Each structure stands twice: as structure tokens, then as C-alpha cells.
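*Asks:* Supplied in C-alpha cells, the structure appears directly below.
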Amino acid sequence: MEIITSNKGCEKLCYNGYMYVLKHFGKSKITWRCSKRSSFKCMGELYTNVQKEDPVLKSNHNHFGDSEKVDVEKALCIMKEQSKSGLSKPLEVYAEGVAKLDGNIRSKMPVEDHVKRTLLIIIFIV
């Protein structure tokens, strides 16, 4: 289980090949819903405690998980964080990030120019 930052700056939970977004923050637990809720009408949900540990599946998904897609999202999140630091150029951040990826995951990455453009935009926003 891992927490990454979404494109909109919110937390996204990655677990067992699925990605979840925050639905409700309660007193003793957090409810997360499948990030594919709108596109696949998926009702998959899970609970964690308020420390974002001990996940418990509440509702099953209506689609298969894609751990490679989750790994792509994690890699992109790392690249964006490195770009925010401003220590490296987008080309260097991209090359370094892609070099660490497995061949299957690398093949699912977005187009190189799109990623570099996103990394460049992040530099100007920060």
C-alpha cells in the first residue's frame, strides 16, 4: 500500500493493483473509493484507519486491477516531485525515471514529449 499525489494535488491510495481516492474522513477510519468510479461505474471501496494503514476491502471492483498502471502513476508522481525541487531539467528527470522502470511498465508510460511538457509546466507553477 502506498499513498501518492494525484494530478489535482489530492492523495491517491495504491493497493493491490487498484487506485483509490478519498471519499470520507471519519473519526476512526477513512473511506476510499475506486479511482475508476466514474469511467467504469466501479463501486470498489476500502477502509483504512486514520493513520492510513491496515486496508480492509469493503466492496469489490467490477474490473481487474492493473499493477503496471499503478507503477506508471507512482513513477510519474516521483518525476513530478523531482521537478518541483528544480534541481534537474525535465529531460534529466524523465531519463532517470524511465531508466529505473521495468520494460513492461516503460511500455505503458505516456508519450515522452507529454511527460516532459508536464514536468516543465510544474517548474513554472512552483
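Residue numbering restarts at 1 for every chain of the C-alpha cells, chains are lettered A, B, ... in their displayed order, and ligands are numbered from 1 as they appear.
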Quick one: everything within 10 Å of region 66-80 of chain A, counting only C-alpha atoms, minus sequence neighbours fewer than 6 positions away in the same chain. Send it as number ranges by chain.
*Replies:* A: 2-7, 12-19, 90, 92-98, 100-102, 104-110, 115-116, 118-123
*Asks:* Give me a file of those residues, with N, CA and C atoms, as a short mmCIF file (atom, residue, chain, number, x, y, z; two decimals), in the first residue's frame.
*Replies:*
```
data_model
loop_
_atom_site.label_atom_id
_atom_site.label_comp_id
_atom_site.auth_asym_id
_atom_site.auth_seq_id
_atom_site.Cartn_x
_atom_site.Cartn_y
_atom_site.Cartn_z
N GLU A 2 0.51 2.19 -0.83
CA GLU A 2 1.31 3.41 -0.95
C GLU A 2 0.38 4.58 -1.24
N ILE A 3 0.72 5.75 -0.73
CA ILE A 3 -0.03 6.97 -0.99
C ILE A 3 0.79 7.83 -1.95
N ILE A 4 0.16 8.26 -3.05
CA ILE A 4 0.81 9.17 -3.99
C ILE A 4 -0.06 10.42 -4.12
N THR A 5 0.45 11.40 -4.83
CA THR A 5 -0.30 12.64 -5.04
C THR A 5 -0.91 12.60 -6.44
N SER A 6 -2.20 12.91 -6.53
CA SER A 6 -2.88 12.91 -7.82
C SER A 6 -2.54 14.17 -8.60
N ASN A 7 -2.98 14.24 -9.85
CA ASN A 7 -2.75 15.43 -10.68
C ASN A 7 -3.38 16.67 -10.07
N LYS A 12 -3.86 9.83 -3.30
CA LYS A 12 -4.39 8.68 -4.02
C LYS A 12 -3.71 7.45 -3.41
N LEU A 13 -4.51 6.48 -2.98
CA LEU A 13 -4.01 5.27 -2.34
C LEU A 13 -3.85 4.19 -3.40
N CYS A 14 -2.70 3.55 -3.45
CA CYS A 14 -2.44 2.44 -4.38
C CYS A 14 -2.37 1.15 -3.56
N TYR A 15 -3.19 0.17 -3.96
CA TYR A 15 -3.24 -1.08 -3.19
C TYR A 15 -3.72 -2.22 -4.09
N ASN A 16 -2.94 -3.28 -4.16
CA ASN A 16 -3.28 -4.49 -4.92
C ASN A 16 -3.66 -4.22 -6.37
N GLY A 17 -2.98 -3.31 -7.03
CA GLY A 17 -3.24 -3.05 -8.44
C GLY A 17 -4.39 -2.10 -8.71
N TYR A 18 -4.96 -1.52 -7.67
CA TYR A 18 -6.06 -0.56 -7.81
C TYR A 18 -5.63 0.77 -7.22
N MET A 19 -6.27 1.83 -7.67
CA MET A 19 -6.03 3.15 -7.09
C MET A 19 -7.35 3.67 -6.51
N PRO A 90 13.81 18.87 -16.90
CA PRO A 90 12.80 17.86 -17.18
C PRO A 90 13.33 16.66 -17.97
N GLU A 92 16.34 15.41 -17.89
CA GLU A 92 17.13 14.57 -16.97
C GLU A 92 16.23 13.78 -16.03
N VAL A 93 15.21 14.45 -15.50
CA VAL A 93 14.26 13.80 -14.58
C VAL A 93 13.57 12.64 -15.30
N TYR A 94 13.13 12.89 -16.53
CA TYR A 94 12.43 11.86 -17.30
C TYR A 94 13.37 10.69 -17.60
N ALA A 95 14.56 10.98 -18.09
CA ALA A 95 15.52 9.92 -18.45
C ALA A 95 15.87 9.06 -17.24
N GLU A 96 16.09 9.71 -16.12
CA GLU A 96 16.44 8.98 -14.89
C GLU A 96 15.27 8.12 -14.42
N GLY A 97 14.08 8.70 -14.46
CA GLY A 97 12.89 7.96 -14.01
C GLY A 97 12.57 6.77 -14.88
N VAL A 98 12.67 6.92 -16.19
CA VAL A 98 12.36 5.83 -17.12
C VAL A 98 13.42 4.73 -17.05
N LYS A 100 14.84 3.55 -14.56
CA LYS A 100 14.60 2.69 -13.40
C LYS A 100 13.44 1.72 -13.60
N LEU A 101 12.65 1.92 -14.69
CA LEU A 101 11.44 1.13 -14.87
C LEU A 101 11.69 -0.18 -15.61
N ASP A 102 10.89 -1.18 -15.29
CA ASP A 102 10.86 -2.45 -16.00
C ASP A 102 10.33 -2.23 -17.42
N ASN A 104 8.00 -3.73 -19.19
CA ASN A 104 6.53 -3.73 -19.31
C ASN A 104 5.94 -2.41 -18.83
N ILE A 105 6.48 -1.90 -17.76
CA ILE A 105 5.98 -0.65 -17.20
C ILE A 105 6.36 0.51 -18.12
N ARG A 106 7.58 0.47 -18.62
CA ARG A 106 8.06 1.51 -19.54
C ARG A 106 7.16 1.61 -20.77
N SER A 107 6.68 0.48 -21.25
CA SER A 107 5.82 0.48 -22.44
C SER A 107 4.45 1.13 -22.18
N LYS A 108 4.05 1.21 -20.91
CA LYS A 108 2.75 1.81 -20.57
C LYS A 108 2.86 3.29 -20.19
N MET A 109 4.08 3.81 -20.23
CA MET A 109 4.27 5.23 -19.92
C MET A 109 3.62 6.10 -20.99
N PRO A 110 3.14 7.29 -20.61
CA PRO A 110 2.63 8.22 -21.62
C PRO A 110 3.74 8.64 -22.58
N VAL A 115 5.07 13.91 -21.13
CA VAL A 115 5.60 13.87 -19.76
C VAL A 115 6.57 15.03 -19.54
N LYS A 116 7.47 15.26 -20.49
CA LYS A 116 8.44 16.35 -20.35
C LYS A 116 7.74 17.70 -20.29
N THR A 118 4.72 18.26 -19.15
CA THR A 118 4.11 18.34 -17.82
C THR A 118 5.16 18.70 -16.76
N LEU A 119 6.33 18.09 -16.85
CA LEU A 119 7.39 18.38 -15.89
C LEU A 119 7.86 19.83 -16.03
N LEU A 120 7.91 20.33 -17.24
CA LEU A 120 8.31 21.71 -17.48
C LEU A 120 7.28 22.69 -16.91
N ILE A 121 6.00 22.38 -17.08
CA ILE A 121 4.92 23.22 -16.54
C ILE A 121 5.00 23.27 -15.02
N ILE A 122 5.30 22.13 -14.40
CA ILE A 122 5.40 22.06 -12.93
C ILE A 122 6.47 23.02 -12.43
N ILE A 123 7.57 23.12 -13.15
CA ILE A 123 8.66 24.01 -12.75
C ILE A 123 8.17 25.46 -12.71
#
```
*Asks:* Identify, on the basis of only C-alpha atoms, every residue whose closest approach to Thr48 (chain A) does not exceed 8 Å; exclude the query and any residue fewer than 6 positions from it along the same chain; express the result as a list of chain:residue names.
*Replies:*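 Neighbouring residues, sequence-local ones excluded: A:Lys29, A:Ile30, A:Thr31, A:Trp32, A:Asp54, A:Pro55, A:Val56.
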*Asks:* Ranking A:Leu22, A:Leu57, A:Ala99, A:Cys10 by minimum distance to Arg37 (chain A) and counting only C-alpha atoms, which one comes first?
*Replies:*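 Of all the options, A:Leu22 lies closest to Arg37 (chain A).
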*Asks:* CA of His61 (chain A) to CA of Arg33 (chain A): how many Å, to one decimal?
*Replies:*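 Value for the CA of His61 (chain A)-CA of Arg33 (chain A) distance: 9.9 Å.
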*Asks:* Hey, can you check how far CA of Asn60 (chain A) sits from CA of Glu45 (chain A)?
*Replies:*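 Pair CA of Asn60 (chain A) / CA of Glu45 (chain A) returns 7.0 Å.
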